[in-house]
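Chemist: Pasting a structure here, questions to come.
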Amino acid sequence: MAEAGQDVMDAVVLHEPGGPEQLRFEQCPVPTPGPGEALVEVAAAGVNFVDLYLRSGRYPVPMPAVLGQEGAGVVRAFGPDTDPHGLRVGGRVAWANVRGAYAQFAVVPAERLVPVPDAIDDRTAAAVLLQGMTAHYLVHDTHPVRPGQNVLVQAAAGGLGLLLTQWVTLLGGRVIATVSTAEKEQLARKAGAAEVVRYGPDAGDAPLSEQVRALTGGEGVAAVYDGVGAATFAQSLASLRPRGTLVLHGAASGPVDPVDPALLQAGGSLFLTRPDLTHHIRDRSELLDRARAVFDGLARGMLRLDAVGDRPLHEAAQAHADLAGRRVLGKVVLVPAAGSDRRRAFASN
């Protein structure tokens, strides 16, 4: 609790792991940046599955915690002895993989901030950076897509799925997308999917792998990008051609059970990897290169964000429930209140 007269802010705080109801909208002291850090006034915060993992306790985090691994806003101050890395007070910035964006202010290591170009608004920057950089390394590094390759994108109508579909298509790949509804099918096709396969209530009788092989002349796909996890893993593996790669980049439906390596041999000398963005933005140079690629793709119209919704910060719990229930098309961002509401005191509490 803040002391009387202390600058305070709205924040979404997690005191113990659990369901969306554990996210509490509270007033907290405005954080003070230390050495190497910057204070950023948050304009928008992206909502991602990693936030759900942190909230549920799948990924332990010290409590109490302010969640939000992705945000955009304006630099308001630098801590002492901080290299600004070419940034300035008043400059627009974005960040990913640093917790604390579900608030009106966040303290972020200055070296992890990237400048946001004038052509990209704050809402877009907060919606695209984490998933955009993830899509970039997945298609350029984890499995470099080659022209003419068939690629399966699971859950292609989500924020990351839509970016993956666009980027694979830009590189000349042919995307087979999986979606659950007609509305999501339209989004996937607009993003460039050549074929769409339904799952859920509208799924066909044939297993996904059989449908994929029918769409690839019996061969299977060169790669599967699967962020769903437990519910899709077996069919993703069965959809690969010999020496294909299963890129398991998330676990929205739960973690995958331990895998017998003999399955990879039986499937045709398959490759399995579980990559993470942290290992692909290890230094500032790599971070800036990936961020520039994402922002440049948007500014030049090569990439699009066709489905971005926003909610006020105090509706973070509902945003989590919607994402967990697959009721989100594309990406959702949380928007803190603006103006004089940022400065409050608890004298009356």
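Starting from 1 in every chain, residues are counted up; chains themselves are A, B, ... following the order of the structure tokens, and ligands are numbered from 1 as listed.
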So that I can check the surroundings of A:Ala262, please list as a PyMOL selection string every protein, DNA and RNA residue that reaches within 12 Å of it, counting only C-alpha atoms and ignoring chain neighbours fewer than 5 positions away.

Modeler: chain A and resi 267-272

Chemist: I need the residue nearest A:Gln104 from this list: A:Gln186, A:Thr181, A:Thr278, A:Gln27. Use only C-alpha atoms for the distance.

Modeler: A:Gln27

Chemist: Any idea what's packed within 10 Å of A:Lys184, counting only C-alpha atoms, ignoring anything in its chain fewer than 5 positions away? Could you give it as a PyMOL selection string?

Modeler: chain A and resi 155-158+162+178-179+189-190+196+198+328-330

Chemist: Write the residues of the preceding selection, restricted to N, CA and C atoms, as a PDB file, in the first residue's frame.

Modeler:
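Resulting contents of again-v4.pdb:
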ATOM      1  N   ALA A 155      -3.644 -23.322 -35.043  1.00  0.00           N
ATOM      2  CA  ALA A 155      -4.301 -22.154 -34.445  1.00  0.00           C
ATOM      3  C   ALA A 155      -3.919 -20.885 -35.201  1.00  0.00           C
ATOM      4  N   ALA A 156      -4.161 -20.913 -36.499  1.00  0.00           N
ATOM      5  CA  ALA A 156      -3.647 -19.866 -37.377  1.00  0.00           C
ATOM      6  C   ALA A 156      -4.368 -18.534 -37.253  1.00  0.00           C
ATOM      7  N   ALA A 157      -5.495 -18.477 -36.554  1.00  0.00           N
ATOM      8  CA  ALA A 157      -6.230 -17.218 -36.424  1.00  0.00           C
ATOM      9  C   ALA A 157      -5.888 -16.453 -35.151  1.00  0.00           C
ATOM     10  N   GLY A 158      -4.959 -16.971 -34.343  1.00  0.00           N
ATOM     11  CA  GLY A 158      -4.485 -16.217 -33.184  1.00  0.00           C
ATOM     12  C   GLY A 158      -3.498 -15.152 -33.608  1.00  0.00           C
ATOM     13  N   LEU A 162      -1.548 -15.681 -37.133  1.00  0.00           N
ATOM     14  CA  LEU A 162      -1.752 -14.802 -38.302  1.00  0.00           C
ATOM     15  C   LEU A 162      -0.432 -14.228 -38.795  1.00  0.00           C
ATOM     16  N   THR A 178      -4.866 -24.383 -39.487  1.00  0.00           N
ATOM     17  CA  THR A 178      -5.961 -24.975 -38.725  1.00  0.00           C
ATOM     18  C   THR A 178      -6.669 -23.879 -37.944  1.00  0.00           C
ATOM     19  N   VAL A 179      -8.004 -23.913 -37.959  1.00  0.00           N
ATOM     20  CA  VAL A 179      -8.839 -22.941 -37.246  1.00  0.00           C
ATOM     21  C   VAL A 179     -10.070 -23.671 -36.725  1.00  0.00           C
ATOM     22  N   ARG A 189      -7.323 -17.111 -44.199  1.00  0.00           N
ATOM     23  CA  ARG A 189      -7.201 -16.984 -45.667  1.00  0.00           C
ATOM     24  C   ARG A 189      -6.763 -15.573 -46.043  1.00  0.00           C
ATOM     25  N   LYS A 190      -7.257 -14.565 -45.351  1.00  0.00           N
ATOM     26  CA  LYS A 190      -6.837 -13.194 -45.625  1.00  0.00           C
ATOM     27  C   LYS A 190      -5.353 -13.012 -45.352  1.00  0.00           C
ATOM     28  N   VAL A 196      -7.212 -24.453 -45.523  1.00  0.00           N
ATOM     29  CA  VAL A 196      -7.653 -24.333 -44.141  1.00  0.00           C
ATOM     30  C   VAL A 196      -8.338 -25.624 -43.721  1.00  0.00           C
ATOM     31  N   ARG A 198     -10.420 -27.410 -40.469  1.00  0.00           N
ATOM     32  CA  ARG A 198     -11.143 -27.098 -39.239  1.00  0.00           C
ATOM     33  C   ARG A 198     -10.840 -28.115 -38.140  1.00  0.00           C
ATOM     34  N   VAL A 328     -10.777 -15.183 -28.616  1.00  0.00           N
ATOM     35  CA  VAL A 328     -10.057 -14.016 -29.111  1.00  0.00           C
ATOM     36  C   VAL A 328      -9.685 -14.224 -30.571  1.00  0.00           C
ATOM     37  N   LEU A 329      -9.999 -13.247 -31.389  1.00  0.00           N
ATOM     38  CA  LEU A 329      -9.528 -13.224 -32.766  1.00  0.00           C
ATOM     39  C   LEU A 329      -8.313 -12.308 -32.819  1.00  0.00           C
ATOM     40  N   GLY A 330      -7.179 -12.838 -33.255  1.00  0.00           N
ATOM     41  CA  GLY A 330      -5.989 -12.005 -33.338  1.00  0.00           C
ATOM     42  C   GLY A 330      -5.426 -11.702 -31.968  1.00  0.00           C
TER      43      GLY A 330
END

Chemist: Stretch 75-83 of chain A: which residues within 9 Å, counting only C-alpha atoms, same-chain residues fewer than 4 positions away excluded, as number ranges by chain?

Modeler: A: 32-42, 87-93, 110-111

Chemist: Take the residues from that selection and put them in a file with N, CA, C and O atoms, as a compact mmCIF listing (two decimals), in the first residue's frame.

Modeler:
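The resulting part_27.txt:
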# COMPACT_ATOMS: atom_id res chain seq x y z
N THR A 32 10.27 3.30 -9.08
CA THR A 32 11.41 4.18 -9.31
C THR A 32 12.48 3.43 -10.08
O THR A 32 12.90 2.35 -9.65
N PRO A 33 12.94 3.96 -11.19
CA PRO A 33 13.97 3.24 -11.96
C PRO A 33 15.31 3.28 -11.25
O PRO A 33 15.72 4.31 -10.69
N GLY A 34 16.00 2.15 -11.26
CA GLY A 34 17.33 2.07 -10.68
C GLY A 34 18.39 2.16 -11.75
O GLY A 34 18.11 2.48 -12.93
N PRO A 35 19.63 1.89 -11.42
CA PRO A 35 20.71 1.93 -12.41
C PRO A 35 20.42 1.00 -13.58
O PRO A 35 20.02 -0.16 -13.39
N GLY A 36 20.57 1.51 -14.79
CA GLY A 36 20.34 0.71 -15.99
C GLY A 36 18.89 0.61 -16.41
O GLY A 36 18.58 -0.08 -17.39
N GLU A 37 18.00 1.31 -15.68
CA GLU A 37 16.57 1.17 -15.95
C GLU A 37 15.93 2.47 -16.41
O GLU A 37 16.48 3.56 -16.22
N ALA A 38 14.75 2.33 -17.02
CA ALA A 38 13.96 3.48 -17.46
C ALA A 38 12.55 3.34 -16.92
O ALA A 38 12.02 2.23 -16.79
N LEU A 39 11.93 4.47 -16.60
CA LEU A 39 10.52 4.50 -16.23
C LEU A 39 9.72 4.84 -17.48
O LEU A 39 9.96 5.86 -18.13
N VAL A 40 8.78 3.95 -17.82
CA VAL A 40 7.97 4.14 -19.02
C VAL A 40 6.51 4.31 -18.63
O VAL A 40 5.97 3.53 -17.83
N GLU A 41 5.87 5.34 -19.16
CA GLU A 41 4.43 5.50 -19.02
C GLU A 41 3.77 4.60 -20.06
O GLU A 41 3.98 4.78 -21.27
N VAL A 42 3.00 3.64 -19.60
CA VAL A 42 2.47 2.60 -20.48
C VAL A 42 1.24 3.11 -21.23
O VAL A 42 0.27 3.58 -20.63
N LEU A 87 18.15 6.32 -26.65
CA LEU A 87 16.78 6.72 -26.37
C LEU A 87 16.77 8.04 -25.60
O LEU A 87 17.79 8.49 -25.11
N ARG A 88 15.59 8.63 -25.46
CA ARG A 88 15.50 9.92 -24.76
C ARG A 88 14.20 9.98 -23.96
O ARG A 88 13.22 9.28 -24.27
N VAL A 89 14.20 10.84 -22.96
CA VAL A 89 12.96 11.11 -22.23
C VAL A 89 11.96 11.73 -23.19
O VAL A 89 12.29 12.66 -23.93
N GLY A 90 10.75 11.21 -23.20
CA GLY A 90 9.73 11.66 -24.14
C GLY A 90 9.67 10.82 -25.40
O GLY A 90 8.75 10.98 -26.22
N GLY A 91 10.64 9.93 -25.59
CA GLY A 91 10.65 9.07 -26.77
C GLY A 91 9.70 7.88 -26.62
O GLY A 91 9.48 7.37 -25.53
N ARG A 92 9.16 7.46 -27.75
CA ARG A 92 8.24 6.33 -27.76
C ARG A 92 9.03 5.02 -27.89
O ARG A 92 9.93 4.91 -28.72
N VAL A 93 8.67 4.05 -27.06
CA VAL A 93 9.41 2.80 -27.01
C VAL A 93 8.44 1.64 -26.84
O VAL A 93 7.27 1.81 -26.50
N ALA A 110 16.85 -0.39 -19.71
CA ALA A 110 16.96 0.47 -20.90
C ALA A 110 17.44 -0.31 -22.11
O ALA A 110 17.03 -0.04 -23.24
N GLU A 111 18.31 -1.30 -21.88
CA GLU A 111 18.85 -2.06 -23.01
C GLU A 111 17.80 -2.95 -23.67
O GLU A 111 18.02 -3.45 -24.77

Chemist: Write down as a PyMOL selection string the residues belonging to stretch 242-339 of chain A that are assigned strand (DSSP E) by DSSP computed on the backbone.

Modeler: chain A and resi 242-248+271-273+308-312+331-335

Chemist: Considering only C-alpha atoms, return as a list of chain:residue names whatever protein or nucleic-acid residues lie within 10 Å of A:Ile281, sequence-local ones (same chain, fewer than 6 positions apart) excluded.

Modeler: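 The residues that qualify are A:Ala96, A:Asn97, A:Arg112, A:Met133, A:Thr134, A:Tyr137, A:Leu287, A:Leu288, A:Asp289, A:Arg290, A:Ala291.
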
Chemist: Suppose we keep N, CA, C and O atoms; can you now write the selection as a short mmCIF file (atom, residue, chain, number, x, y, z; two decimals), in the first residue's frame?

Modeler:
data_model
loop_
_atom_site.label_atom_id
_atom_site.label_comp_id
_atom_site.auth_asym_id
_atom_site.auth_seq_id
_atom_site.Cartn_x
_atom_site.Cartn_y
_atom_site.Cartn_z
N ALA A 96 9.49 -6.31 -24.94
CA ALA A 96 8.92 -7.65 -24.81
C ALA A 96 9.80 -8.48 -23.89
O ALA A 96 10.99 -8.22 -23.76
N ASN A 97 9.17 -9.48 -23.26
CA ASN A 97 9.89 -10.39 -22.36
C ASN A 97 10.43 -9.70 -21.12
O ASN A 97 11.44 -10.13 -20.55
N ARG A 112 16.63 -3.15 -23.01
CA ARG A 112 15.58 -4.00 -23.58
C ARG A 112 14.50 -3.19 -24.28
O ARG A 112 13.54 -3.76 -24.80
N MET A 133 8.34 -10.67 -33.25
CA MET A 133 9.72 -11.15 -33.16
C MET A 133 9.74 -12.68 -33.06
O MET A 133 10.66 -13.32 -33.58
N THR A 134 8.74 -13.25 -32.39
CA THR A 134 8.66 -14.71 -32.32
C THR A 134 8.46 -15.30 -33.71
O THR A 134 9.15 -16.25 -34.11
N TYR A 137 11.83 -15.16 -35.77
CA TYR A 137 12.86 -16.17 -35.54
C TYR A 137 12.38 -17.57 -35.91
O TYR A 137 13.16 -18.40 -36.35
N LEU A 287 18.08 -7.99 -30.70
CA LEU A 287 16.77 -7.45 -30.35
C LEU A 287 16.35 -6.37 -31.33
O LEU A 287 15.22 -6.37 -31.86
N LEU A 288 17.24 -5.42 -31.60
CA LEU A 288 16.91 -4.32 -32.51
C LEU A 288 16.68 -4.81 -33.93
O LEU A 288 15.78 -4.33 -34.63
N ASP A 289 17.48 -5.77 -34.38
CA ASP A 289 17.31 -6.29 -35.74
C ASP A 289 15.94 -6.93 -35.91
O ASP A 289 15.26 -6.71 -36.92
N ARG A 290 15.51 -7.74 -34.94
CA ARG A 290 14.21 -8.39 -35.06
C ARG A 290 13.07 -7.37 -34.94
O ARG A 290 12.08 -7.44 -35.67
N ALA A 291 13.20 -6.43 -34.00
CA ALA A 291 12.16 -5.41 -33.85
C ALA A 291 12.02 -4.57 -35.11
O ALA A 291 10.90 -4.27 -35.56
#

Chemist: List the spatial neighbours of stretch 139-145 of chain A as an NGL selection string - criterion: any atom at most 12 Å away, only C-alpha atoms, same-chain residues fewer than 6 positions off excluded.

Modeler: :A and (132-133 or 151-153 or 160-161 or 163-175 or 221-225 or 243-249 or 271-277 or 279-280 or 290 or 293)

Chemist: Could you check how far atom CA of A:Ser236 sits from atom CA of A:Ala252, in Å to one decimal?

Modeler: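 Atom CA of A:Ala252 lies 14.5 Å from atom CA of A:Ser236.
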
Chemist: Using atom CA of A:Leu240 and atom CA of A:Glu185 as the two end points, give the distance in Å to one decimal.

Modeler: 22.2 Å

Chemist: Can you work out which one of A:Ala125, A:Val12, A:Val259, A:Ala94 has the shortest atom-to-atom distance to A:Val332, counting only C-alpha atoms?

Modeler: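 Smallest distance to A:Val332 is found for A:Ala125.
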
Chemist: Rank A:Val256, A:Leu298, A:Ala316, A:Asp306 by their smallest atom-to-atom distance to A:Val66, using only C-alpha atoms, and report the top residue only.

Modeler: A:Ala316

Chemist: Find the residues around A:Glu219 up to 9 Å (only C-alpha atoms counted), leave out those fewer than 6 positions away in its own chain, and share them as a ChimeraX atom specification.

Modeler: /A:212-213,239-242

Chemist: Check the smallest atom-to-atom distance from each of A:Leu54, A:Ala45, A:Val335, A:Ala206 to A:Pro20 using only C-alpha atoms, then report the winner.

Modeler: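 For A:Pro20, the nearest of the candidates is A:Leu54.
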
Chemist: If I take atom CA of A:Gln154 and atom CA of A:Val228, how far is one from the other in Å, to one decimal?

Modeler: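 About the pair atom CA of A:Gln154 and atom CA of A:Val228: they are 7.0 Å apart.
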
Chemist: Residues of stretch 39-155 of chain A classed as helix (DSSP H, G or I) by DSSP on the backbone are to be reported as a ChimeraX atom specification.

Modeler: /A:49-56,110-112,122-142

Chemist: Take the residues just selected and output them with N, CA, C and O atoms as a short mmCIF file (atom, residue, chain, number, x, y, z; two decimals), in the first residue's frame.

Modeler:
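Saved file again.cif follows:
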data_model
loop_
_atom_site.label_atom_id
_atom_site.label_comp_id
_atom_site.auth_asym_id
_atom_site.auth_seq_id
_atom_site.Cartn_x
_atom_site.Cartn_y
_atom_site.Cartn_z
N PHE A 49 -0.21 -15.61 -24.16
CA PHE A 49 -0.37 -16.86 -23.42
C PHE A 49 0.66 -16.98 -22.30
O PHE A 49 0.39 -17.60 -21.26
N VAL A 50 1.85 -16.40 -22.47
CA VAL A 50 2.84 -16.48 -21.40
C VAL A 50 2.31 -15.82 -20.13
O VAL A 50 2.63 -16.24 -19.01
N ASP A 51 1.46 -14.80 -20.27
CA ASP A 51 0.87 -14.17 -19.10
C ASP A 51 -0.05 -15.15 -18.37
O ASP A 51 -0.12 -15.16 -17.13
N LEU A 52 -0.77 -15.97 -19.14
CA LEU A 52 -1.63 -16.99 -18.53
C LEU A 52 -0.80 -18.04 -17.80
O LEU A 52 -1.17 -18.52 -16.72
N TYR A 53 0.35 -18.41 -18.39
CA TYR A 53 1.22 -19.38 -17.74
C TYR A 53 1.74 -18.83 -16.41
O TYR A 53 1.82 -19.55 -15.41
N LEU A 54 2.12 -17.56 -16.40
CA LEU A 54 2.62 -16.93 -15.17
C LEU A 54 1.50 -16.83 -14.13
O LEU A 54 1.71 -17.10 -12.95
N ARG A 55 0.32 -16.43 -14.58
CA ARG A 55 -0.80 -16.28 -13.64
C ARG A 55 -1.19 -17.60 -13.00
O ARG A 55 -1.50 -17.68 -11.81
N SER A 56 -1.18 -18.67 -13.79
CA SER A 56 -1.63 -19.97 -13.29
C SER A 56 -0.60 -20.67 -12.41
O SER A 56 -0.92 -21.63 -11.72
N ALA A 110 16.85 -0.39 -19.71
CA ALA A 110 16.96 0.47 -20.90
C ALA A 110 17.44 -0.31 -22.11
O ALA A 110 17.03 -0.04 -23.24
N GLU A 111 18.31 -1.30 -21.88
CA GLU A 111 18.85 -2.06 -23.01
C GLU A 111 17.80 -2.95 -23.67
O GLU A 111 18.02 -3.45 -24.77
N ARG A 112 16.63 -3.15 -23.01
CA ARG A 112 15.58 -4.00 -23.58
C ARG A 112 14.50 -3.19 -24.28
O ARG A 112 13.54 -3.76 -24.80
N ASP A 122 1.06 3.31 -30.78
CA ASP A 122 1.37 2.58 -29.55
C ASP A 122 0.59 1.28 -29.44
O ASP A 122 1.12 0.25 -29.01
N ARG A 123 -0.68 1.32 -29.79
CA ARG A 123 -1.52 0.13 -29.70
C ARG A 123 -0.99 -0.98 -30.58
O ARG A 123 -0.91 -2.15 -30.18
N THR A 124 -0.57 -0.63 -31.78
CA THR A 124 -0.01 -1.62 -32.70
C THR A 124 1.33 -2.14 -32.19
O THR A 124 1.60 -3.35 -32.23
N ALA A 125 2.17 -1.24 -31.68
CA ALA A 125 3.48 -1.66 -31.17
C ALA A 125 3.32 -2.65 -30.02
O ALA A 125 4.04 -3.65 -29.94
N ALA A 126 2.37 -2.39 -29.12
CA ALA A 126 2.14 -3.29 -27.99
C ALA A 126 1.53 -4.61 -28.43
O ALA A 126 1.69 -5.62 -27.75
N ALA A 127 0.82 -4.60 -29.54
CA ALA A 127 0.17 -5.81 -30.02
C ALA A 127 1.09 -6.72 -30.81
O ALA A 127 0.85 -7.93 -30.90
N VAL A 128 2.15 -6.16 -31.38
CA VAL A 128 2.91 -6.92 -32.38
C VAL A 128 4.30 -7.34 -31.96
O VAL A 128 4.84 -8.31 -32.51
N LEU A 129 4.92 -6.66 -31.02
CA LEU A 129 6.36 -6.86 -30.85
C LEU A 129 6.71 -8.27 -30.40
O LEU A 129 7.57 -8.93 -31.03
N LEU A 130 6.11 -8.77 -29.34
CA LEU A 130 6.47 -10.09 -28.84
C LEU A 130 6.16 -11.18 -29.88
O LEU A 130 7.03 -11.99 -30.22
N GLN A 131 4.95 -11.18 -30.39
CA GLN A 131 4.58 -12.21 -31.36
C GLN A 131 5.26 -11.98 -32.71
O GLN A 131 5.58 -12.95 -33.41
N GLY A 132 5.49 -10.72 -33.08
CA GLY A 132 6.17 -10.45 -34.34
C GLY A 132 7.60 -10.94 -34.33
O GLY A 132 8.07 -11.57 -35.30
N MET A 133 8.34 -10.67 -33.25
CA MET A 133 9.72 -11.15 -33.16
C MET A 133 9.74 -12.68 -33.06
O MET A 133 10.66 -13.32 -33.58
N THR A 134 8.74 -13.25 -32.39
CA THR A 134 8.66 -14.71 -32.32
C THR A 134 8.46 -15.30 -33.71
O THR A 134 9.15 -16.25 -34.11
N ALA A 135 7.52 -14.75 -34.46
CA ALA A 135 7.29 -15.24 -35.82
C ALA A 135 8.55 -15.10 -36.66
O ALA A 135 8.89 -15.98 -37.46
N HIS A 136 9.28 -14.00 -36.47
CA HIS A 136 10.48 -13.74 -37.26
C HIS A 136 11.52 -14.83 -37.03
O HIS A 136 12.07 -15.40 -37.98
N TYR A 137 11.83 -15.16 -35.77
CA TYR A 137 12.86 -16.17 -35.54
C TYR A 137 12.38 -17.57 -35.91
O TYR A 137 13.16 -18.40 -36.35
N LEU A 138 11.08 -17.83 -35.75
CA LEU A 138 10.57 -19.16 -36.09
C LEU A 138 10.74 -19.47 -37.57
O LEU A 138 11.10 -20.59 -37.94
N VAL A 139 10.47 -18.49 -38.43
CA VAL A 139 10.51 -18.76 -39.87
C VAL A 139 11.88 -18.49 -40.49
O VAL A 139 12.14 -18.95 -41.61
N HIS A 140 12.74 -17.76 -39.78
CA HIS A 140 14.08 -17.48 -40.32
C HIS A 140 15.19 -18.32 -39.68
O HIS A 140 16.22 -18.54 -40.31
N ASP A 141 14.97 -18.75 -38.45
CA ASP A 141 16.03 -19.43 -37.71
C ASP A 141 15.66 -20.85 -37.29
O ASP A 141 16.43 -21.78 -37.52
N THR A 142 14.52 -21.02 -36.64
CA THR A 142 14.16 -22.34 -36.13
C THR A 142 13.93 -23.32 -37.27
O THR A 142 14.51 -24.40 -37.31
#
